[in-house]
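To be precise, the following lines are structure-v9.cif, and they hold mmCIF, C-alpha atoms.
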```cif
data_my_file
loop_
_atom_site.label_atom_id
_atom_site.label_comp_id
_atom_site.auth_asym_id
_atom_site.auth_seq_id
_atom_site.Cartn_x
_atom_site.Cartn_y
_atom_site.Cartn_z
CA MET Y 1 -30.37 3.07 21.97
CA GLU Y 2 -27.89 1.43 24.36
CA LEU Y 3 -25.32 3.47 26.24
CA PRO Y 4 -21.79 3.19 24.85
CA LYS Y 5 -19.66 0.82 26.90
CA ARG Y 6 -16.13 -0.35 26.16
CA LEU Y 7 -16.20 -4.14 25.81
CA PRO Y 8 -13.01 -6.20 25.46
CA PRO Y 9 -12.71 -8.29 22.27
CA ILE Y 10 -13.77 -11.90 22.74
CA LYS Y 11 -11.24 -14.73 22.40
CA GLU Y 12 -12.45 -15.81 18.95
CA VAL Y 13 -12.12 -12.27 17.60
CA LEU Y 14 -8.58 -11.94 18.94
CA ARG Y 15 -7.64 -15.27 17.36
CA GLU Y 16 -9.01 -14.13 14.00
CA LEU Y 17 -7.13 -10.82 14.22
CA TYR Y 18 -3.81 -12.46 15.09
CA LEU Y 19 -4.08 -15.13 12.41
CA LYS Y 20 -4.90 -12.60 9.69
CA SER Y 21 -2.24 -10.11 10.82
CA GLY Y 22 0.77 -12.23 9.91
CA ASN Y 23 2.06 -10.95 13.29
CA GLN Y 24 2.79 -7.58 11.68
CA CYS Y 25 1.47 -4.06 12.05
CA ALA Y 26 -1.20 -3.44 9.40
CA PHE Y 27 0.19 -0.02 8.44
CA PRO Y 28 1.58 -0.24 4.88
CA GLY Y 29 5.33 -0.81 4.79
CA CYS Y 30 5.62 -1.43 8.56
CA PHE Y 31 7.06 -4.74 9.75
CA GLN Y 32 6.81 -4.24 13.51
CA THR Y 33 5.59 -7.39 15.23
CA ILE Y 34 2.37 -7.62 17.22
CA LEU Y 35 3.46 -10.49 19.50
CA ASN Y 36 7.13 -10.83 20.45
CA ASP Y 37 9.03 -14.14 20.65
CA LYS Y 38 7.76 -14.61 24.21
CA GLY Y 39 4.13 -14.28 23.14
CA ILE Y 40 3.75 -10.86 24.77
CA LEU Y 41 1.50 -8.33 23.03
CA VAL Y 42 3.80 -5.49 21.97
CA GLY Y 43 1.44 -4.09 19.32
CA GLU Y 44 -1.94 -2.53 19.97
CA ILE Y 45 -5.53 -3.57 19.27
CA CYS Y 46 -7.04 -0.45 17.76
CA HIS Y 47 -10.61 0.57 16.99
CA ILE Y 48 -11.34 1.86 13.51
CA GLU Y 49 -14.44 3.57 14.89
CA ALA Y 50 -13.86 4.45 18.54
CA ALA Y 51 -15.23 2.42 21.44
CA MET Y 52 -16.42 5.49 23.32
CA PRO Y 53 -17.70 9.01 22.56
CA GLY Y 54 -14.89 11.49 22.14
CA GLY Y 55 -12.67 8.87 20.55
CA GLU Y 56 -11.45 9.03 16.97
CA ARG Y 57 -14.11 8.28 14.34
CA PHE Y 58 -16.75 7.39 16.96
CA ASN Y 59 -19.98 6.20 15.32
CA LYS Y 60 -23.03 6.60 17.54
CA LYS Y 61 -25.03 4.26 15.27
CA GLN Y 62 -22.84 1.29 16.15
CA THR Y 63 -23.76 -1.08 18.95
CA ASN Y 64 -21.26 -2.01 21.63
CA GLU Y 65 -20.92 -5.42 19.98
CA ASP Y 66 -20.23 -3.76 16.61
CA ARG Y 67 -17.45 -1.75 18.19
CA ARG Y 68 -15.61 -4.81 19.49
CA ALA Y 69 -16.20 -6.93 16.39
CA ALA Y 70 -13.25 -8.03 14.23
CA ALA Y 71 -14.43 -5.80 11.39
CA ASN Y 72 -13.91 -2.72 13.59
CA LEU Y 73 -10.50 -3.71 14.97
CA ILE Y 74 -7.05 -3.44 13.44
CA LEU Y 75 -3.64 -4.42 14.84
CA LEU Y 76 -1.04 -1.65 14.73
CA CYS Y 77 2.28 -0.84 16.35
CA HIS Y 78 2.24 1.99 18.91
CA GLU Y 79 3.73 4.54 16.51
CA HIS Y 80 1.18 3.93 13.78
CA HIS Y 81 -1.68 3.75 16.27
CA LYS Y 82 -0.80 7.31 17.25
CA GLU Y 83 -0.34 8.38 13.63
CA THR Y 84 -3.78 7.09 12.64
CA ASP Y 85 -5.37 9.22 15.37
CA ASP Y 86 -5.33 11.93 12.71
CA VAL Y 87 -8.91 11.49 11.51
CA VAL Y 88 -8.46 13.84 8.54
CA LYS Y 89 -5.65 11.79 7.04
CA PHE Y 90 -7.08 8.50 8.28
CA PRO Y 91 -10.87 8.44 7.96
CA VAL Y 92 -12.84 5.23 8.47
CA SER Y 93 -12.70 4.26 4.80
CA ARG Y 94 -8.93 4.47 4.66
CA LEU Y 95 -8.40 2.36 7.78
CA GLN Y 96 -10.87 -0.21 6.51
CA GLU Y 97 -8.99 -0.40 3.20
CA MET Y 98 -5.68 -0.70 5.07
CA LYS Y 99 -7.06 -3.56 7.16
CA LYS Y 100 -8.54 -5.31 4.14
CA ALA Y 101 -5.32 -5.10 2.09
CA HIS Y 102 -3.15 -6.30 4.99
CA GLU Y 103 -5.33 -9.20 6.04
CA LYS Y 104 -5.71 -10.37 2.46
CA LYS Y 105 -2.02 -11.27 2.45
CA TYR Y 106 -2.42 -13.70 5.32
CA SER Y 107 -5.91 -15.16 5.09
CA ASP Y 108 -6.14 -18.95 4.91
CA VAL Y 109 -8.12 -18.84 1.68
CA ALA Y 110 -5.60 -16.59 -0.03
CA ASP Y 111 -2.73 -18.84 1.10
CA LYS Y 112 -4.43 -21.90 -0.35
CA LEU Y 113 -5.06 -20.13 -3.64
CA TYR Y 114 -1.51 -18.83 -3.85
CA ASN Y 115 -0.14 -22.31 -3.20
CA SER Y 116 -2.24 -23.75 -6.01
CA ILE Y 117 -1.14 -23.80 -9.62
CA VAL Y 118 -3.08 -20.75 -10.73
CA ASP Y 119 -2.32 -17.36 -12.22
CA ARG Y 120 -1.49 -15.45 -9.04
CA THR Y 121 -1.99 -12.10 -10.72
CA SER Y 122 -5.67 -12.89 -11.29
CA LEU Y 123 -6.20 -13.00 -7.51
CA GLN Y 124 -4.97 -9.46 -6.87
CA GLY Y 125 -7.39 -6.74 -5.87
CA PHE Y 126 -7.12 -3.28 -7.38
CA GLN Y 127 -8.91 0.07 -7.56
CA TYR Y 128 -8.82 2.53 -10.44
CA CYS Y 129 -8.72 6.28 -9.91
CA GLN Y 130 -11.93 8.12 -10.85
CA SER Y 131 -11.33 11.85 -10.50
CA LEU Y 132 -7.68 12.62 -9.52
CA ASN Y 133 -9.03 15.52 -7.46
CA ASN Y 134 -6.69 14.81 -4.54
CA MET Y 135 -3.60 14.55 -6.73
CA ASN Y 136 -4.64 17.60 -8.74
CA SER Y 137 -4.74 19.62 -5.51
CA VAL Y 138 -1.59 18.20 -3.88
CA ILE Y 139 0.65 18.46 -6.96
CA GLY Y 140 -0.82 21.83 -7.91
CA TRP Y 141 -1.78 21.05 -11.50
CA LYS Y 142 -4.87 23.30 -11.32
CA HIS Y 143 -6.50 21.29 -14.13
CA ASN Y 144 -10.24 21.40 -14.73
CA GLU Y 145 -12.39 18.26 -14.89
CA GLU Y 146 -12.12 17.97 -18.66
CA GLU Y 147 -8.32 18.24 -18.61
CA LEU Y 148 -8.10 15.47 -16.02
CA ILE Y 149 -10.03 12.92 -18.10
CA PRO Y 150 -7.12 11.79 -20.34
CA MET Y 151 -4.79 11.77 -17.32
CA ILE Y 152 -7.17 9.48 -15.44
CA GLN Y 153 -7.16 7.11 -18.41
CA GLN Y 154 -3.36 7.12 -18.63
CA ILE Y 155 -3.02 6.25 -14.95
CA ASN Y 156 -5.64 3.51 -15.16
CA ASP Y 157 -3.78 2.08 -18.15
CA LYS Y 158 -0.78 1.82 -15.83
CA VAL Y 159 -2.96 0.06 -13.25
CA ASP Y 160 -3.78 -2.55 -15.88
CA ILE Y 161 -0.06 -3.08 -16.44
CA LEU Y 162 0.59 -3.50 -12.69
CA ARG Y 163 -2.19 -6.10 -12.58
CA LYS Y 164 -0.13 -8.27 -14.92
CA LEU Y 165 2.87 -8.26 -12.59
CA SER Y 166 3.49 -10.67 -9.74
CA PRO Y 167 3.48 -9.14 -6.23
CA ASP Y 168 7.27 -9.58 -6.06
CA THR Y 169 7.92 -7.78 -9.35
CA ARG Y 170 5.55 -5.00 -8.34
CA SER Y 171 7.38 -4.71 -5.01
CA ILE Y 172 10.72 -4.34 -6.80
CA PHE Y 173 9.25 -1.59 -8.97
CA LYS Y 174 7.93 0.21 -5.90
CA ILE Y 175 11.36 0.06 -4.23
CA MET Y 176 13.04 1.27 -7.42
CA LEU Y 177 10.69 4.25 -7.53
CA GLU Y 178 11.37 5.03 -3.86
CA ARG Y 179 15.14 4.90 -4.47
CA ALA Y 180 15.13 6.79 -7.77
CA VAL Y 181 17.02 10.08 -7.96
CA ASN Y 182 15.03 12.06 -10.51
CA SER Y 183 14.25 9.02 -12.67
CA GLN Y 184 17.58 7.19 -12.38
CA VAL Y 185 17.97 4.05 -10.28
CA HIS Y 186 21.32 2.44 -9.44
CA ILE Y 187 20.83 -1.31 -9.68
CA ALA Y 188 23.54 -2.05 -7.10
CA LEU Y 189 21.58 0.05 -4.57
CA ILE Y 190 18.49 -2.12 -5.11
CA GLU Y 191 20.55 -5.27 -4.67
CA GLU Y 192 22.03 -3.93 -1.43
CA SER Y 193 18.78 -2.61 0.05
CA THR Y 194 16.72 -5.74 -0.71
CA GLY Y 195 19.37 -8.46 -0.46
CA ILE Y 196 17.91 -9.97 -3.62
CA ASN Y 197 19.98 -12.31 -5.79
CA PRO Y 198 21.41 -10.30 -8.74
CA TYR Y 199 20.13 -12.82 -11.26
CA LYS Y 200 16.64 -12.69 -9.75
CA LEU Y 201 16.72 -8.89 -9.82
CA LYS Y 202 17.71 -9.03 -13.48
CA GLU Y 203 14.62 -11.15 -14.18
CA HIS Y 204 12.39 -8.56 -12.52
CA ILE Y 205 14.03 -5.72 -14.48
CA VAL Y 206 13.55 -7.58 -17.76
CA ILE Y 207 9.84 -7.99 -16.97
CA LEU Y 208 9.49 -4.32 -15.97
CA ASN Y 209 11.28 -3.29 -19.15
CA ASN Y 210 9.00 -5.49 -21.27
CA TYR Y 211 5.99 -3.67 -19.80
CA GLY Y 212 7.56 -0.24 -20.37
CA LEU Y 213 7.99 0.63 -16.70
CA VAL Y 214 11.79 0.93 -16.65
CA SER Y 215 14.50 1.33 -19.27
CA PHE Y 216 16.94 -1.41 -20.17
CA PRO Y 217 20.01 -1.27 -17.86
CA TYR Y 218 22.94 0.86 -18.98
CA LYS Y 219 26.30 1.96 -17.55
CA ASP Y 220 26.42 5.34 -15.87
CA GLU Y 221 29.16 7.43 -17.52
CA TRP Y 222 30.43 8.75 -14.19
CA THR Y 223 30.33 5.81 -11.78
CA HIS Y 224 30.38 3.04 -14.40
CA THR Y 225 27.73 1.14 -12.45
CA TYR Y 226 24.60 -0.22 -14.03
CA CYS Y 227 21.51 1.96 -13.86
CA THR Y 228 17.98 1.97 -15.15
CA ASP Y 229 15.42 4.75 -15.50
CA ILE Y 230 11.79 4.92 -14.43
CA SER Y 231 10.11 5.31 -17.80
CA SER Y 232 8.06 8.38 -18.64
CA GLU Y 233 4.78 8.52 -20.51
CA ASP Y 234 5.60 9.18 -24.18
CA GLY Y 235 8.78 10.96 -23.04
CA TYR Y 236 6.65 13.80 -21.65
CA TRP Y 237 4.71 13.05 -18.47
CA ASN Y 238 6.41 10.79 -15.95
CA ILE Y 239 3.35 9.50 -14.13
CA TRP Y 240 5.37 7.53 -11.60
CA LEU Y 241 7.55 10.42 -10.46
CA GLU Y 242 4.46 12.56 -9.89
CA ILE Y 243 2.82 9.75 -7.93
CA LYS Y 244 6.02 9.59 -5.86
CA GLU Y 245 5.81 13.35 -5.29
CA PHE Y 246 2.16 12.97 -4.26
CA SER Y 247 3.15 10.26 -1.76
CA GLN Y 248 5.90 12.43 -0.30
CA LYS Y 249 3.50 15.36 0.20
CA THR Y 250 0.79 13.26 1.85
CA SER Y 251 0.68 10.45 4.38
CA ILE Y 252 -0.28 8.00 1.61
CA SER Y 253 2.58 5.58 0.96
CA LEU Y 254 3.70 4.06 -2.33
CA GLU Y 255 3.00 0.74 -0.65
CA GLU Y 256 -0.70 1.60 -0.52
CA ILE Y 257 -0.84 2.94 -4.07
CA ILE Y 258 1.45 0.59 -6.00
CA GLN Y 259 1.86 -2.55 -3.91
CA ASN Y 260 -1.83 -2.67 -2.92
CA MET Y 261 -2.90 -1.15 -6.27
CA ASN Y 262 -5.29 1.30 -4.63
CA PHE Y 263 -5.21 4.22 -7.05
CA SER Y 264 -8.49 5.57 -5.69
CA LEU Y 265 -6.30 7.23 -3.05
CA LEU Y 266 -5.34 9.74 -5.75
CA ASP Y 267 -8.99 10.92 -5.83
#
```

Could you rewrite the structure in this file as C-alpha cells?
Amino acid sequence: MELPKRLPPIKEVLRELYLKSGNQCAFPGCFQTILNDKGILVGEICHIEAAMPGGERFNKKQTNEDRRAAANLILLCHEHHKETDDVVKFPVSRLQEMKKAHEKKYSDVADKLYNSIVDRTSLQGFQYCQSLNNMNSVIGWKHNEEELIPMIQQINDKVDILRKLSPDTRSIFKIMLERAVNSQVHIALIEESTGINPYKLKEHIVILNNYGLVSFPYKDEWTHTYCTDISSEDGYWNIWLEIKEFSQKTSISLEEIIQNMNFSLLD
C-alpha cells in the first residue's frame, strides 16, 4: 500500500469542480462565491475524505489519486469548510449527498434538459425516509418501530406531493416554512424577503393551496394584512412544523430536506 501523500488537484479536475459549482459554496442555502470578480479563489477546495492521516474522515483504503479526484473534492466557503470539520454531523455520506445535490443544479446535462420542453419535475431527484429514527430521537417522540410506520408513510406521501412542484414553487414553500410563526405566514414578509413579484407569488400560493400545503390567503384580524397557514395533517399532526423543529435542533437545513427532497436525513 502506498504512503499517503497530499497531491494537488490536476487542472482538469479543478475545471470540472468550478464549472459544476455555479461559483457558489456547495453548503445548502449558502451563496458565497468561490471565485471573486477578479478571478481570485476566495472559497476553499475541500476533501470529503482527508488527504492525510489525522484529517477529517481519512480513508486509508483510498489511493493518493482517489483523494485528489473530483469525486472526493467539494468547494466550500471558509465558514462552511470549518463547520463540516465536525465528522459526527457531517460524515462522508452527507458531504457526498451535499456535493451531488449542488452540482446537479449546474451540470451541463441538467441545463440542457431544463432548457428543453420537458416536464422539469420529472428530472428531480428525491429520497424517501425509511425509519424516522433520527427525527424520533431529536423531537423526543419516543415512538416504537410499529408506531413510526404510519408516520413514515405520511411523510413519504408529502414527498410525492413535493415531487409534483417546480423547484421555484418548492423554494417558496421552504421560505414560507422558515418564516412561519407557529403556522402563520405573512404574505407581505415573503414578498419583501424574496423580492418576488406579488402576482407571481400569488401563483405559487395557489399551487401550494391546491396541493394542500398552505391555506388560502386570508386577512389577519389584527394587522389586516394577508396571511396564509402551513397546513396540518388532518388538522392534527403538522408534519412541516415538526420537520422545521427537527432542522432547528440539528445542523440539517430545510434546504437539504425540502429543496433537495432528501428526507432520508430524518432517518

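As for CA of Ile230 in chain Y and CA of Ile149 in chain Y, they are spaced 23.5 Å apart.
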
**Request:** Within 9 Å of range 197-211 of chain Y, counting all atoms listed in the file, which residues show up once you throw out same-chain ones fewer than 3 positions away? Write them as a ChimeraX atom specification, please.
**Result:** /Y:161-162,165,168-170,172-173,187-188,190-191,194,214-217,228,231

**Request:** Enter the distance from CA of Glu221 in chain Y to CA of Leu254 in chain Y, in Å, rounded to one decimal.
**Result:**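 So the two atoms, CA of Glu221 in chain Y and CA of Leu254 in chain Y, lie 29.8 Å apart.
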
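Here CA of Ser193 in chain Y and CA of Leu177 in chain Y stand 13.0 Å from one another.
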
**Request:** Could you tell me which residues the PyMOL selection byres ((chain Y and resi 22) around 9) returns for this structure, as a list in words?
**Result:**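 Answer for the PyMOL selection byres ((chain Y and resi 22) around 9): Tyr18, Leu19, Lys20, Ser21, Asn23, Gln24, Cys25, Thr33, Ile34, His102, Glu103, Lys105, Tyr106 and Ser107 of chain Y.
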
**Request:** Measuring atom to atom with all atoms listed in the file, identify which of Y:Cys46, Y:Val185, Y:Leu35, Y:Met135 is nearest to Leu266 in chain Y.
**Result:**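 When distances to Leu266 in chain Y are compared using all atoms listed in the file, the smallest one comes from Y:Met135.
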
**Request:** Go through Y:Lys99, Y:Lys11, Y:Lys60, Y:Lys82 and flag the residue nearest Gly43 in chain Y, using all atoms listed in the file for the distances.
**Result:** Y:Lys82

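Nearest residue to Ser247 in chain Y, choosing from Y:Met151, Y:Val138, Y:Met176, Y:Glu97 and counting all atoms listed in the file: Y:Val138.
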
**Request:** I need the residue set behind the PyMOL selection byres ((chain Y and resi 66-76) around 6) for this file; please write it as a list of chain:residue names.
**Result:** Y:Pro9, Y:Val13, Y:Cys25, Y:Ala26, Y:Gly43, Y:Glu44, Y:Ile45, Y:Cys46, Y:His47, Y:Ile48, Y:Ala51, Y:Gln62, Y:Thr63, Y:Asn64, Y:Glu65, Y:Cys77, Y:His81

**Message:** Given the point (-9.9, 3.6, 11.2) in the coordinates of this file, which residues lie within 8 Å, counting all atoms listed in the file, and how would they look as a list of chain:residue names?
**Reply:** Y:His47, Y:Ile48, Y:Glu49, Y:Arg57, Y:Asn72, Y:Ile74, Y:Thr84, Y:Val87, Y:Phe90, Y:Pro91, Y:Val92, Y:Ser93, Y:Arg94, Y:Leu95, Y:Gln96

**Message:** Set the distance at 12 Å and use all atoms listed in the file: which residues neighbour Glu147 in chain Y once local chain neighbours fewer than 5 positions away are removed? I'd like the list as a VMD selection string.
**Reply:** chain Y and resid 131 to 133 136 141 to 142 152 to 153

**Asked** How would you write, as a PyMOL selection string, the residues chosen by the PyMOL selection byres ((chain Y and resi 246) around 12) on this structure?
**Response** chain Y and resi 132-141+239-245+247-254+257+263+265-267
